[in-house]
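The structure appears below as structure tokens.
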Amino acid sequence: MTDRIAKKLTQLRDEADANFSRAEEAENKVKKLEQQLLEREQEITSYTHKLSVLDADLEKAEAKLGEAKQKETDGHQRSMDGEGMARKIQLLEEELDQAEKNLKETVEKLRQVDVKAEHFEKQVARVESERDTWEKKYEDERLAHQNTKKDLEELASQIDSL
């Protein structure tokens, strides 16, 4: 009977150790995912800044293009020949097209980073929930171990008193 109790205690200790190891692994995984989430948030901040810079560039290019077109239509550029003005407008339109392209690419990257960040947030929540479950199981096993140990001590004292 003592052998069975000793085996049960050993089994409970092994389970408690295994649960503790799993809990540590889950905590490490949570830390790793939180770090990845932080990196994604920094990427979002970087892309947001880049987007604002590109928006400003786009506004400047549109303003320049508007000015150039206005000057062309108002005739303020009489000293410049028509070809020079057309070339300047063409360059400004190309600059505007490039700025719009960069803006679209940045918006797409920002969207992708946002999706990834959302995915990592879900993973963190799932891992934290799993960690909590393992911690609860560990605590239950620890209490069961203490109760079994107490019962064993009572049984041993009863056997000794016989």
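Residues are named by chain letter and number: chains run A, B, ... in the order of the structure tokens, numbers start at 1 in each chain, and ligands are numbered from 1 in the order shown.
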Do a neighbour search on range 144-155 of chain A at 12 Å with only C-alpha atoms, toss out local chain neighbours closer than 5 positions, and write the hits as a PyMOL selection string.
chain A and resi 1-17+137-139+160-162
Could you name the residues that touch Asp55 in chain A at 9 Å or less, counting only C-alpha atoms, but leaving out those on the same chain fewer than 3 positions away, as a PyMOL selection string?
chain A and resi 50-52+58-60+99-100+103
Write out the residues from the selection above, keeping N, CA, C and O atoms, as a PDB file, in the first residue's frame.
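Saved the output as again25.pdb:
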```pdb
ATOM      1  N   LYS A  50       5.955  57.652 -42.654  1.00  0.00           N
ATOM      2  CA  LYS A  50       6.312  57.697 -44.071  1.00  0.00           C
ATOM      3  C   LYS A  50       5.103  58.123 -44.898  1.00  0.00           C
ATOM      4  O   LYS A  50       5.230  58.898 -45.854  1.00  0.00           O
ATOM      5  N   LEU A  51       3.931  57.640 -44.506  1.00  0.00           N
ATOM      6  CA  LEU A  51       2.704  58.005 -45.208  1.00  0.00           C
ATOM      7  C   LEU A  51       2.442  59.505 -45.093  1.00  0.00           C
ATOM      8  O   LEU A  51       2.103  60.159 -46.085  1.00  0.00           O
ATOM      9  N   SER A  52       2.647  60.055 -43.901  1.00  0.00           N
ATOM     10  CA  SER A  52       2.420  61.498 -43.731  1.00  0.00           C
ATOM     11  C   SER A  52       3.427  62.302 -44.557  1.00  0.00           C
ATOM     12  O   SER A  52       3.083  63.339 -45.130  1.00  0.00           O
ATOM     13  N   LEU A  58       3.094  64.735 -51.818  1.00  0.00           N
ATOM     14  CA  LEU A  58       2.031  64.712 -52.824  1.00  0.00           C
ATOM     15  C   LEU A  58       1.343  66.076 -52.897  1.00  0.00           C
ATOM     16  O   LEU A  58       1.105  66.603 -53.993  1.00  0.00           O
ATOM     17  N   GLU A  59       1.065  66.647 -51.739  1.00  0.00           N
ATOM     18  CA  GLU A  59       0.431  67.963 -51.717  1.00  0.00           C
ATOM     19  C   GLU A  59       1.334  69.012 -52.372  1.00  0.00           C
ATOM     20  O   GLU A  59       0.861  69.879 -53.119  1.00  0.00           O
ATOM     21  N   LYS A  60       2.636  68.937 -52.088  1.00  0.00           N
ATOM     22  CA  LYS A  60       3.571  69.890 -52.694  1.00  0.00           C
ATOM     23  C   LYS A  60       3.592  69.731 -54.217  1.00  0.00           C
ATOM     24  O   LYS A  60       3.573  70.724 -54.959  1.00  0.00           O
ATOM     25  N   ALA A  99       4.733  59.982 -56.530  1.00  0.00           N
ATOM     26  CA  ALA A  99       4.295  60.188 -55.148  1.00  0.00           C
ATOM     27  C   ALA A  99       3.023  59.393 -54.861  1.00  0.00           C
ATOM     28  O   ALA A  99       2.882  58.784 -53.796  1.00  0.00           O
ATOM     29  N   GLU A 100       2.088  59.372 -55.816  1.00  0.00           N
ATOM     30  CA  GLU A 100       0.855  58.594 -55.643  1.00  0.00           C
ATOM     31  C   GLU A 100       1.171  57.099 -55.570  1.00  0.00           C
ATOM     32  O   GLU A 100       0.583  56.368 -54.764  1.00  0.00           O
ATOM     33  N   LEU A 103       2.620  56.379 -52.228  1.00  0.00           N
ATOM     34  CA  LEU A 103       1.549  56.458 -51.242  1.00  0.00           C
ATOM     35  C   LEU A 103       0.741  55.163 -51.230  1.00  0.00           C
ATOM     36  O   LEU A 103       0.455  54.605 -50.164  1.00  0.00           O
TER      37      LEU A 103
END
```
CA of Lys69 in chain A to CA of Glu95 in chain A, distance in Å rounded to a single decimal
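Distance between the two atoms: 14.7 Å.
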I want to know what sits within 10 Å of Leu33 in chain A, based on only C-alpha atoms, with residues of the same chain fewer than 4 positions away left out; could you give that as an mmCIF file with N, CA, C and O atoms, in the first residue's frame?
```cif
data_model
loop_
_atom_site.group_PDB
_atom_site.id
_atom_site.type_symbol
_atom_site.label_atom_id
_atom_site.label_comp_id
_atom_site.auth_asym_id
_atom_site.auth_seq_id
_atom_site.Cartn_x
_atom_site.Cartn_y
_atom_site.Cartn_z
ATOM 1 N N GLU A 27 4.778 30.987 -21.102
ATOM 2 C CA GLU A 27 5.179 32.347 -20.766
ATOM 3 C C GLU A 27 6.259 32.851 -21.713
ATOM 4 O O GLU A 27 6.229 34.005 -22.144
ATOM 5 N N ASN A 28 7.206 31.996 -22.052
ATOM 6 C CA ASN A 28 8.260 32.392 -23.005
ATOM 7 C C ASN A 28 7.659 32.697 -24.373
ATOM 8 O O ASN A 28 8.066 33.645 -25.042
ATOM 9 N N LYS A 29 6.680 31.877 -24.776
ATOM 10 C CA LYS A 29 6.039 32.096 -26.064
ATOM 11 C C LYS A 29 5.272 33.416 -26.054
ATOM 12 O O LYS A 29 5.303 34.162 -27.035
ATOM 13 N N LEU A 37 4.806 41.652 -31.539
ATOM 14 C CA LEU A 37 3.736 42.636 -31.623
ATOM 15 C C LEU A 37 4.301 44.044 -31.495
ATOM 16 O O LEU A 37 3.919 44.950 -32.243
ATOM 17 N N LEU A 38 5.222 44.231 -30.572
ATOM 18 C CA LEU A 38 5.859 45.545 -30.396
ATOM 19 C C LEU A 38 6.594 45.956 -31.673
ATOM 20 O O LEU A 38 6.503 47.105 -32.114
ATOM 21 N N GLU A 39 7.296 45.001 -32.283
ATOM 22 C CA GLU A 39 8.007 45.300 -33.532
ATOM 23 C C GLU A 39 7.018 45.713 -34.629
ATOM 24 O O GLU A 39 7.272 46.654 -35.382
ATOM 25 N N PHE A 120 -1.074 38.673 -34.442
ATOM 26 C CA PHE A 120 -0.224 38.447 -33.277
ATOM 27 C C PHE A 120 -0.964 38.743 -31.974
ATOM 28 O O PHE A 120 -0.764 38.068 -30.968
ATOM 29 N N GLU A 121 -1.825 39.741 -31.995
ATOM 30 C CA GLU A 121 -2.614 40.031 -30.800
ATOM 31 C C GLU A 121 -3.503 38.840 -30.453
ATOM 32 O O GLU A 121 -3.646 38.477 -29.286
ATOM 33 N N LYS A 122 -4.098 38.225 -31.484
ATOM 34 C CA LYS A 122 -4.931 37.039 -31.243
ATOM 35 C C LYS A 122 -4.087 35.892 -30.701
ATOM 36 O O LYS A 122 -4.513 35.164 -29.804
ATOM 37 N N GLN A 123 -2.888 35.719 -31.253
ATOM 38 C CA GLN A 123 -2.004 34.658 -30.767
ATOM 39 C C GLN A 123 -1.611 34.896 -29.314
ATOM 40 O O GLN A 123 -1.590 33.962 -28.514
ATOM 41 N N VAL A 124 -1.311 36.124 -28.974
ATOM 42 C CA VAL A 124 -0.931 36.453 -27.599
ATOM 43 C C VAL A 124 -2.088 36.136 -26.656
ATOM 44 O O VAL A 124 -1.895 35.532 -25.600
ATOM 45 N N ALA A 125 -3.298 36.518 -27.047
ATOM 46 C CA ALA A 125 -4.467 36.245 -26.207
ATOM 47 C C ALA A 125 -4.659 34.738 -26.029
ATOM 48 O O ALA A 125 -4.940 34.254 -24.922
ATOM 49 N N VAL A 127 -2.363 32.333 -26.298
ATOM 50 C CA VAL A 127 -1.273 31.766 -25.498
ATOM 51 C C VAL A 127 -1.431 32.153 -24.024
ATOM 52 O O VAL A 127 -1.173 31.340 -23.141
#
```
Would you pick out the contacts of Leu110 in chain A at 9 Å or less, using only C-alpha atoms, so that residues sharing its chain but fewer than 4 positions from it are not included, and give the list as a ChimeraX atom specification?
/A:43-44,47-48,51,105-106,114-115
Mind writing the picked residues with N, CA, C and O atoms as a CSV table (one decimal), in the first residue's frame?
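After the write, again31.csv holds the following:
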```
chain,number,residue,atom,x,y,z
A,43,GLU,N,6.7,49.2,-36.7
A,43,GLU,CA,6.6,49.2,-38.2
A,43,GLU,C,5.4,50.1,-38.6
A,43,GLU,O,5.5,50.9,-39.5
A,44,ILE,N,4.3,49.9,-37.9
A,44,ILE,CA,3.1,50.7,-38.2
A,44,ILE,C,3.4,52.2,-38.0
A,44,ILE,O,3.1,53.0,-38.8
A,47,TYR,N,5.6,53.3,-40.8
A,47,TYR,CA,4.8,53.5,-42.1
A,47,TYR,C,3.9,54.7,-42.0
A,47,TYR,O,3.6,55.4,-43.0
A,48,THR,N,3.3,54.9,-40.8
A,48,THR,CA,2.4,56.0,-40.7
A,48,THR,C,3.2,57.3,-40.9
A,48,THR,O,2.7,58.3,-41.6
A,51,LEU,N,3.9,57.6,-44.5
A,51,LEU,CA,2.7,58.0,-45.2
A,51,LEU,C,2.4,59.5,-45.1
A,51,LEU,O,2.1,60.2,-46.1
A,105,GLU,N,1.7,52.2,-52.2
A,105,GLU,CA,2.5,51.1,-51.7
A,105,GLU,C,2.6,51.2,-50.2
A,105,GLU,O,2.5,50.1,-49.5
A,106,THR,N,2.8,52.3,-49.7
A,106,THR,CA,2.9,52.5,-48.2
A,106,THR,C,1.6,52.2,-47.5
A,106,THR,O,1.6,51.5,-46.5
A,114,ASP,N,-0.9,46.0,-40.3
A,114,ASP,CA,-2.0,46.0,-39.3
A,114,ASP,C,-2.6,44.6,-39.2
A,114,ASP,O,-3.0,44.2,-38.1
A,115,VAL,N,-2.8,43.9,-40.3
A,115,VAL,CA,-3.3,42.6,-40.3
A,115,VAL,C,-2.4,41.6,-39.5
A,115,VAL,O,-2.9,40.8,-38.7
```
